[in-house]
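For reference, the structure is listed below as structure tokens.
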Amino acid sequence: MATQPFSYDQATLSELVSDALQYAKTRGASSADAEVSEGFGQTVTARQGEVETIEYNRDKGIGVTVYLGTQRGHASSSDFSPKALRDTVDAALAIARYTAQDPCAGLADPERLARDCPDLDLMHHWDLPVEQAIEMALRCEAAGFAADSRISNSEGASVSTQQSHFIYGNTNGFLSGYASSRHSLWCALIAGTGDGMQRDDWYDTARDAQTLSSPELVGARAGQRAVARLNARQVDTAQVPVMFESGIASSLMGHFVGAISGGSLYRKSSFLPDSLGQTVFASCVQMVDDPAIPRALASSPFDQEGVTTERRQIVQDGVVQGYFLGSYSARKLGMRSTGNAGGNHNLMMQDTGDDFDGLLRKMGTGLLVTELMGQGVNAVTGDYSRGAAGFWVENGVLAYPVQEITIAGNLKEMYRQIIGIGNDVCRRGSRQCGSILIANMTLAGS
């Protein structure tokens, strides 16, 4: 691996963490943890054939959490000088003295801490001169305009690279960290004129820039999607099958993750309380959380508390097999950490053997949703109502684009009515699945 252009090496970050922890102990902390990080990046955006913005970012920081028994205090700083480090620890201690006792507060249990931290190949430095980034953005946008003569305007094309590293440690003997990268290409285009204009975009993101889609592919895909939405109509209010395109289907997984995460469960603000061992999804649904996939966007050998991570079956044949818990929420629920402080890792939903066209045929007549708008999801009741756009499907074939509609239901019913999951998996985030077909939802139109 090439030398990374960080200002601090991993040994220096480790020393800063160790110094902070040692000072916290000498000042009376019963336990403490600290994390030091540094990152940098560059984003170039071009629009209408010209450079619109060039952004550089470089930042660093340290966060310290101390415990006085079961009293907790936290403070942070972007100054790595010895005095600033001591002042940060002292500030955290001052806060802890004024907080209430909380028997669930504290570091992760020592026996749960990761002792073996494999290299998951998460850092791929991209030496991207700004001139090359500009050229890529311009190529991306140009490919979008070239995709169809009806492309009339652009919101721009961006090329971004972000790289960072960190060290986390605590007074239970954990000290480790790693470097990671995330690179992306994005383009948004407008088709048509006047009141009939339509917008759509496309993007790709990866740890390794060599695996990104080409600028031409991203731009062309954005252009094709925008043109496909021209001459959109409304449709009548009805009860119909609804298929969520893979790029947005992962949002359904996101609502599930929120509902079975520790904070929602112990606060009793979840629409899926006490769901462990219960049938929540249709029997065709299988979900696995895997933190150890090389180069994947949410891989990690340990969670934000240093707890070892492991591959877990989250849903099997529609039945919930596990929650997402950090140490605090686990203690509140009388359970143990699942290594998910900070959320899920690479959560993947298995397909049902259908491809995209196969799901359309299975649907017959209904709605394909390609865009969601608004935030009409109640995390406590599961009620779901969102603005949407997409395509009307007749006899298993896309018929025409639709807009200005609302889809509604309840997530508990929607999950049980999943009748197909596509193999057109979108791998641009931490929740990965193909298109999802739901047997019946309310479509509110004209």
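In the structure tokens, chains take letters A, B, ... by order of appearance, with residues numbered from 1 within each chain and ligands from 1 in the order shown.
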Give me the range 249-312 of chain A side of the contact with range 95-113 of chain A, cut-off 8 Å, one line per residue showing its nearest atom pair and distance in Å at one decimal, counting only C-alpha atoms, sorted by chain and residue number, as JSON lines.
{"residue": "A:Phe302", "atom": "CA", "partner": "A:Leu113", "partner_atom": "CA", "distance": 7.9}
{"residue": "A:Glu305", "atom": "CA", "partner": "A:Ala108", "partner_atom": "CA", "distance": 6.3}
{"residue": "A:Gly306", "atom": "CA", "partner": "A:Leu113", "partner_atom": "CA", "distance": 5.4}
{"residue": "A:Val307", "atom": "CA", "partner": "A:Leu113", "partner_atom": "CA", "distance": 4.2}
{"residue": "A:Thr308", "atom": "CA", "partner": "A:Leu113", "partner_atom": "CA", "distance": 5.5}
Next, the residues of the selection above should be written as a compact mmCIF listing (two decimals), in the first residue's frame with N, CA and C atoms.
# COMPACT_ATOMS: atom_id res chain seq x y z
N PHE A 302 -13.97 -4.11 14.58
CA PHE A 302 -14.55 -3.84 15.90
C PHE A 302 -15.48 -2.64 15.79
N GLU A 305 -16.91 0.88 20.27
CA GLU A 305 -16.45 0.68 21.65
C GLU A 305 -15.30 -0.31 21.74
N GLY A 306 -14.83 -0.79 20.59
CA GLY A 306 -13.76 -1.79 20.58
C GLY A 306 -14.25 -3.22 20.69
N VAL A 307 -15.59 -3.41 20.69
CA VAL A 307 -16.14 -4.77 20.79
C VAL A 307 -15.95 -5.49 19.46
N THR A 308 -15.53 -6.74 19.54
CA THR A 308 -15.31 -7.51 18.33
C THR A 308 -16.60 -7.66 17.54
request  = Run DSSP on the backbone and give me the residues of range 236-393 of chain A it puts in helix (DSSP H, G or I), as a PyMOL selection string.
outcome  = chain A and resi 246-259+262-266+327-332+356-363
Let me see the file: selected residues, C-alpha atoms, as a CSV table (one decimal), in the first residue's frame.
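Result file follows (again_11.csv):
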chain,number,residue,atom,x,y,z
A,246,SER,CA,-33.0,-1.4,-5.5
A,247,GLY,CA,-31.5,2.1,-5.0
A,248,ILE,CA,-34.3,3.1,-2.5
A,249,ALA,CA,-35.4,-0.4,-1.3
A,250,SER,CA,-32.6,-0.3,1.3
A,251,SER,CA,-34.6,2.5,3.1
A,252,LEU,CA,-37.1,-0.3,4.1
A,253,MET,CA,-34.1,-2.1,5.7
A,254,GLY,CA,-33.2,1.2,7.4
A,255,HIS,CA,-36.5,1.5,9.1
A,256,PHE,CA,-36.1,-2.1,10.4
A,257,VAL,CA,-32.6,-1.4,11.7
A,258,GLY,CA,-33.9,1.6,13.6
A,259,ALA,CA,-36.8,-0.4,15.1
A,262,GLY,CA,-31.0,-0.7,21.3
A,263,GLY,CA,-31.9,3.0,21.7
A,264,SER,CA,-35.4,2.5,20.2
A,265,LEU,CA,-36.0,-0.7,22.2
A,266,TYR,CA,-35.1,0.5,25.7
A,327,SER,CA,-22.9,-1.9,25.5
A,328,TYR,CA,-25.2,0.8,27.1
A,329,SER,CA,-28.4,-0.3,25.4
A,330,ALA,CA,-27.6,-4.0,26.0
A,331,ARG,CA,-27.3,-3.3,29.7
A,332,LYS,CA,-30.6,-1.4,29.7
A,356,PHE,CA,-35.6,-7.0,-12.1
A,357,ASP,CA,-37.7,-8.0,-15.1
A,358,GLY,CA,-38.9,-11.1,-13.3
A,359,LEU,CA,-40.2,-9.0,-10.4
A,360,LEU,CA,-42.1,-6.8,-12.9
A,361,ARG,CA,-43.7,-9.9,-14.3
A,362,LYS,CA,-44.6,-11.2,-10.9
A,363,MET,CA,-46.2,-7.8,-10.1
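Minimum distance to Tyr203 in chain A across A:Gly277, A:Gly396, A:Pro401, A:Gly156 (counting only C-alpha atoms) occurs at A:Gly156.
As for CA of Asp33 in chain A and CA of Asp87 in chain A, they are spaced 15.4 Å apart.
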ask   = Could you pull the residues within 7 Å of range 42-56 of chain A, counting only C-alpha atoms, minus those fewer than 2 positions along the same chain, as an MDAnalysis selection string?
value = chainID A and resid 58 133:134 137:138 154:162
message = Excluding Arg221 in chain A and its own-chain neighbours fewer than 4 positions away, which residues fall within 10 Å of it when counting only C-alpha atoms? Please give them as a list in words.
response =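 My list of contacting residues is Cys140, Ala143, Gly144, Ala147, Cys187, Ala188, Leu189, Asp200, Asp201, Trp202, Tyr203, Pro215, Glu216, Leu217, Arg225 and Ala226 of chain A.
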Keeping only N, CA and C atoms, write the selected residues as a PDB file, in the first residue's frame.
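Listing of selection.pdb after writing:
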ATOM      1  N   CYS A 140     -18.055  13.223 -17.180  1.00  0.00           N
ATOM      2  CA  CYS A 140     -19.270  12.641 -16.623  1.00  0.00           C
ATOM      3  C   CYS A 140     -20.499  13.434 -17.080  1.00  0.00           C
ATOM      4  N   ALA A 143     -21.174  13.130 -20.871  1.00  0.00           N
ATOM      5  CA  ALA A 143     -21.802  11.854 -21.227  1.00  0.00           C
ATOM      6  C   ALA A 143     -23.298  11.904 -20.947  1.00  0.00           C
ATOM      7  N   GLY A 144     -23.685  12.619 -19.885  1.00  0.00           N
ATOM      8  CA  GLY A 144     -25.101  12.765 -19.588  1.00  0.00           C
ATOM      9  C   GLY A 144     -25.831  13.551 -20.657  1.00  0.00           C
ATOM     10  N   ALA A 147     -26.347  11.556 -23.789  1.00  0.00           N
ATOM     11  CA  ALA A 147     -27.230  10.392 -23.691  1.00  0.00           C
ATOM     12  C   ALA A 147     -28.527  10.590 -24.451  1.00  0.00           C
ATOM     13  N   CYS A 187     -23.761  12.494 -10.687  1.00  0.00           N
ATOM     14  CA  CYS A 187     -24.226  13.395 -11.735  1.00  0.00           C
ATOM     15  C   CYS A 187     -25.744  13.525 -11.644  1.00  0.00           C
ATOM     16  N   ALA A 188     -26.263  14.740 -11.814  1.00  0.00           N
ATOM     17  CA  ALA A 188     -27.703  14.997 -11.821  1.00  0.00           C
ATOM     18  C   ALA A 188     -28.043  15.844 -13.032  1.00  0.00           C
ATOM     19  N   LEU A 189     -29.052  15.399 -13.781  1.00  0.00           N
ATOM     20  CA  LEU A 189     -29.402  16.063 -15.036  1.00  0.00           C
ATOM     21  C   LEU A 189     -30.898  16.340 -15.118  1.00  0.00           C
ATOM     22  N   ASP A 200     -33.259  13.640 -12.599  1.00  0.00           N
ATOM     23  CA  ASP A 200     -32.837  12.400 -11.953  1.00  0.00           C
ATOM     24  C   ASP A 200     -31.314  12.398 -11.866  1.00  0.00           C
ATOM     25  N   ASP A 201     -30.789  11.483 -11.092  1.00  0.00           N
ATOM     26  CA  ASP A 201     -29.338  11.433 -10.913  1.00  0.00           C
ATOM     27  C   ASP A 201     -28.864   9.997 -10.858  1.00  0.00           C
ATOM     28  N   TRP A 202     -27.549   9.844 -10.773  1.00  0.00           N
ATOM     29  CA  TRP A 202     -26.937   8.532 -10.565  1.00  0.00           C
ATOM     30  C   TRP A 202     -25.586   8.753  -9.904  1.00  0.00           C
ATOM     31  N   TYR A 203     -25.155   7.788  -9.118  1.00  0.00           N
ATOM     32  CA  TYR A 203     -23.843   7.905  -8.481  1.00  0.00           C
ATOM     33  C   TYR A 203     -23.277   6.528  -8.203  1.00  0.00           C
ATOM     34  N   PRO A 215     -16.763   7.590 -15.431  1.00  0.00           N
ATOM     35  CA  PRO A 215     -17.541   8.829 -15.487  1.00  0.00           C
ATOM     36  C   PRO A 215     -18.593   8.797 -16.597  1.00  0.00           C
ATOM     37  N   GLU A 216     -18.263   8.188 -17.727  1.00  0.00           N
ATOM     38  CA  GLU A 216     -19.202   8.109 -18.844  1.00  0.00           C
ATOM     39  C   GLU A 216     -20.432   7.283 -18.476  1.00  0.00           C
ATOM     40  N   LEU A 217     -20.226   6.179 -17.772  1.00  0.00           N
ATOM     41  CA  LEU A 217     -21.367   5.335 -17.396  1.00  0.00           C
ATOM     42  C   LEU A 217     -22.271   6.061 -16.414  1.00  0.00           C
ATOM     43  N   ARG A 225     -32.037   8.150 -17.019  1.00  0.00           N
ATOM     44  CA  ARG A 225     -33.078   8.131 -15.994  1.00  0.00           C
ATOM     45  C   ARG A 225     -33.932   9.395 -16.047  1.00  0.00           C
ATOM     46  N   ALA A 226     -33.296  10.535 -16.289  1.00  0.00           N
ATOM     47  CA  ALA A 226     -34.054  11.782 -16.374  1.00  0.00           C
ATOM     48  C   ALA A 226     -35.011  11.760 -17.563  1.00  0.00           C
TER      49      ALA A 226
END
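Every protein or nucleic acid residue with an atom no more than 9 Å from Ser283 in chain A, counting only C-alpha atoms and leaving out same-chain residues fewer than 6 positions away, appears here: Gln316, Asp317, Gly318, Val319, Arg416 and Ile418 of chain A.
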request  = Write down as an MDAnalysis selection string the residues belonging to range 113-285 of chain A that are assigned strand (DSSP E) by DSSP computed on the backbone.
outcome  = chainID A and resid 151:170 175:191 198:206 238:244
For the residues in that selection, give me C-alpha atoms as a PDB file, in the first residue's frame.
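Wrote again_11.pdb, looks like this:
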ATOM      1  CA  ILE A 151     -31.339  16.666 -21.727  1.00  0.00           C
ATOM      2  CA  SER A 152     -31.734  20.428 -21.289  1.00  0.00           C
ATOM      3  CA  ASN A 153     -29.880  21.337 -18.108  1.00  0.00           C
ATOM      4  CA  SER A 154     -27.618  20.037 -15.389  1.00  0.00           C
ATOM      5  CA  GLU A 155     -27.230  20.233 -11.642  1.00  0.00           C
ATOM      6  CA  GLY A 156     -23.628  19.220 -12.122  1.00  0.00           C
ATOM      7  CA  ALA A 157     -21.269  16.286 -11.851  1.00  0.00           C
ATOM      8  CA  SER A 158     -18.974  15.693  -8.865  1.00  0.00           C
ATOM      9  CA  VAL A 159     -15.843  13.664  -8.188  1.00  0.00           C
ATOM     10  CA  SER A 160     -14.977  13.193  -4.525  1.00  0.00           C
ATOM     11  CA  THR A 161     -12.243  11.450  -2.558  1.00  0.00           C
ATOM     12  CA  GLN A 162     -12.214  11.164   1.245  1.00  0.00           C
ATOM     13  CA  GLN A 163      -9.518   9.412   3.290  1.00  0.00           C
ATOM     14  CA  SER A 164      -9.096   9.123   7.048  1.00  0.00           C
ATOM     15  CA  HIS A 165      -7.584   7.128   9.897  1.00  0.00           C
ATOM     16  CA  PHE A 166      -8.160   6.825  13.636  1.00  0.00           C
ATOM     17  CA  ILE A 167      -7.075   5.146  16.851  1.00  0.00           C
ATOM     18  CA  TYR A 168      -9.506   4.192  19.615  1.00  0.00           C
ATOM     19  CA  GLY A 169      -8.440   3.061  23.067  1.00  0.00           C
ATOM     20  CA  ASN A 170      -9.802   2.522  26.549  1.00  0.00           C
ATOM     21  CA  LEU A 175      -5.907   0.210  21.571  1.00  0.00           C
ATOM     22  CA  SER A 176      -6.358  -0.140  17.828  1.00  0.00           C
ATOM     23  CA  GLY A 177      -7.442   1.632  14.661  1.00  0.00           C
ATOM     24  CA  TYR A 178      -7.130   1.680  10.911  1.00  0.00           C
ATOM     25  CA  ALA A 179      -7.276   3.846   7.804  1.00  0.00           C
ATOM     26  CA  SER A 180     -10.149   3.904   5.334  1.00  0.00           C
ATOM     27  CA  SER A 181     -11.182   5.608   2.122  1.00  0.00           C
ATOM     28  CA  ARG A 182     -14.376   6.444   0.262  1.00  0.00           C
ATOM     29  CA  HIS A 183     -14.448   7.728  -3.311  1.00  0.00           C
ATOM     30  CA  SER A 184     -17.469   8.680  -5.380  1.00  0.00           C
ATOM     31  CA  LEU A 185     -18.836   9.940  -8.699  1.00  0.00           C
ATOM     32  CA  TRP A 186     -22.216  11.694  -9.030  1.00  0.00           C
ATOM     33  CA  CYS A 187     -24.226  13.395 -11.735  1.00  0.00           C
ATOM     34  CA  ALA A 188     -27.703  14.997 -11.821  1.00  0.00           C
ATOM     35  CA  LEU A 189     -29.402  16.063 -15.036  1.00  0.00           C
ATOM     36  CA  ILE A 190     -32.636  17.724 -16.149  1.00  0.00           C
ATOM     37  CA  ALA A 191     -34.646  16.647 -19.188  1.00  0.00           C
ATOM     38  CA  GLN A 198     -37.834  16.113 -15.006  1.00  0.00           C
ATOM     39  CA  ARG A 199     -34.715  15.525 -12.925  1.00  0.00           C
ATOM     40  CA  ASP A 200     -32.837  12.400 -11.953  1.00  0.00           C
ATOM     41  CA  ASP A 201     -29.338  11.433 -10.913  1.00  0.00           C
ATOM     42  CA  TRP A 202     -26.937   8.532 -10.565  1.00  0.00           C
ATOM     43  CA  TYR A 203     -23.843   7.905  -8.481  1.00  0.00           C
ATOM     44  CA  ASP A 204     -21.324   5.291  -7.499  1.00  0.00           C
ATOM     45  CA  THR A 205     -19.147   4.993  -4.399  1.00  0.00           C
ATOM     46  CA  ALA A 206     -16.352   2.600  -3.413  1.00  0.00           C
ATOM     47  CA  ALA A 238     -55.994   2.380  -5.774  1.00  0.00           C
ATOM     48  CA  GLN A 239     -54.736  -0.615  -3.827  1.00  0.00           C
ATOM     49  CA  VAL A 240     -51.887  -2.084  -5.900  1.00  0.00           C
ATOM     50  CA  PRO A 241     -48.647  -4.042  -5.690  1.00  0.00           C
ATOM     51  CA  VAL A 242     -45.670  -1.723  -5.189  1.00  0.00           C
ATOM     52  CA  MET A 243     -42.068  -2.452  -6.133  1.00  0.00           C
ATOM     53  CA  PHE A 244     -39.246  -0.400  -4.631  1.00  0.00           C
TER      54      PHE A 244
END
task = Would you mind listing what lies within 12 Å of Asp195 in chain A as a list in words, with only C-alpha atoms counted and same-chain residues fewer than 5 positions away left out?
result = Ile190, Leu230, Asn231 and Ala232 of chain A
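Interatomic distance, CA of Ala146 in chain A to CA of Gly219 in chain A: 8.9 Å.
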message = Between A:Gly192, A:Gly334, A:Gly28, A:Gly343, which residue has the minimum interatomic distance to Leu68 in chain A, considering only C-alpha atoms?
response = A:Gly28
key: Closest of A:Arg386, A:Phe324, A:Ala282, A:Ala298 to Ile436 in chain A - atom-to-atom distances counting only C-alpha atoms   =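 Nearest to Ile436 in chain A: A:Ala282.
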Option closest in space to Arg229 in chain A, from A:Ser214, A:Asn340, A:Gln403, A:Asn378 [counting only C-alpha atoms] = A:Gln403
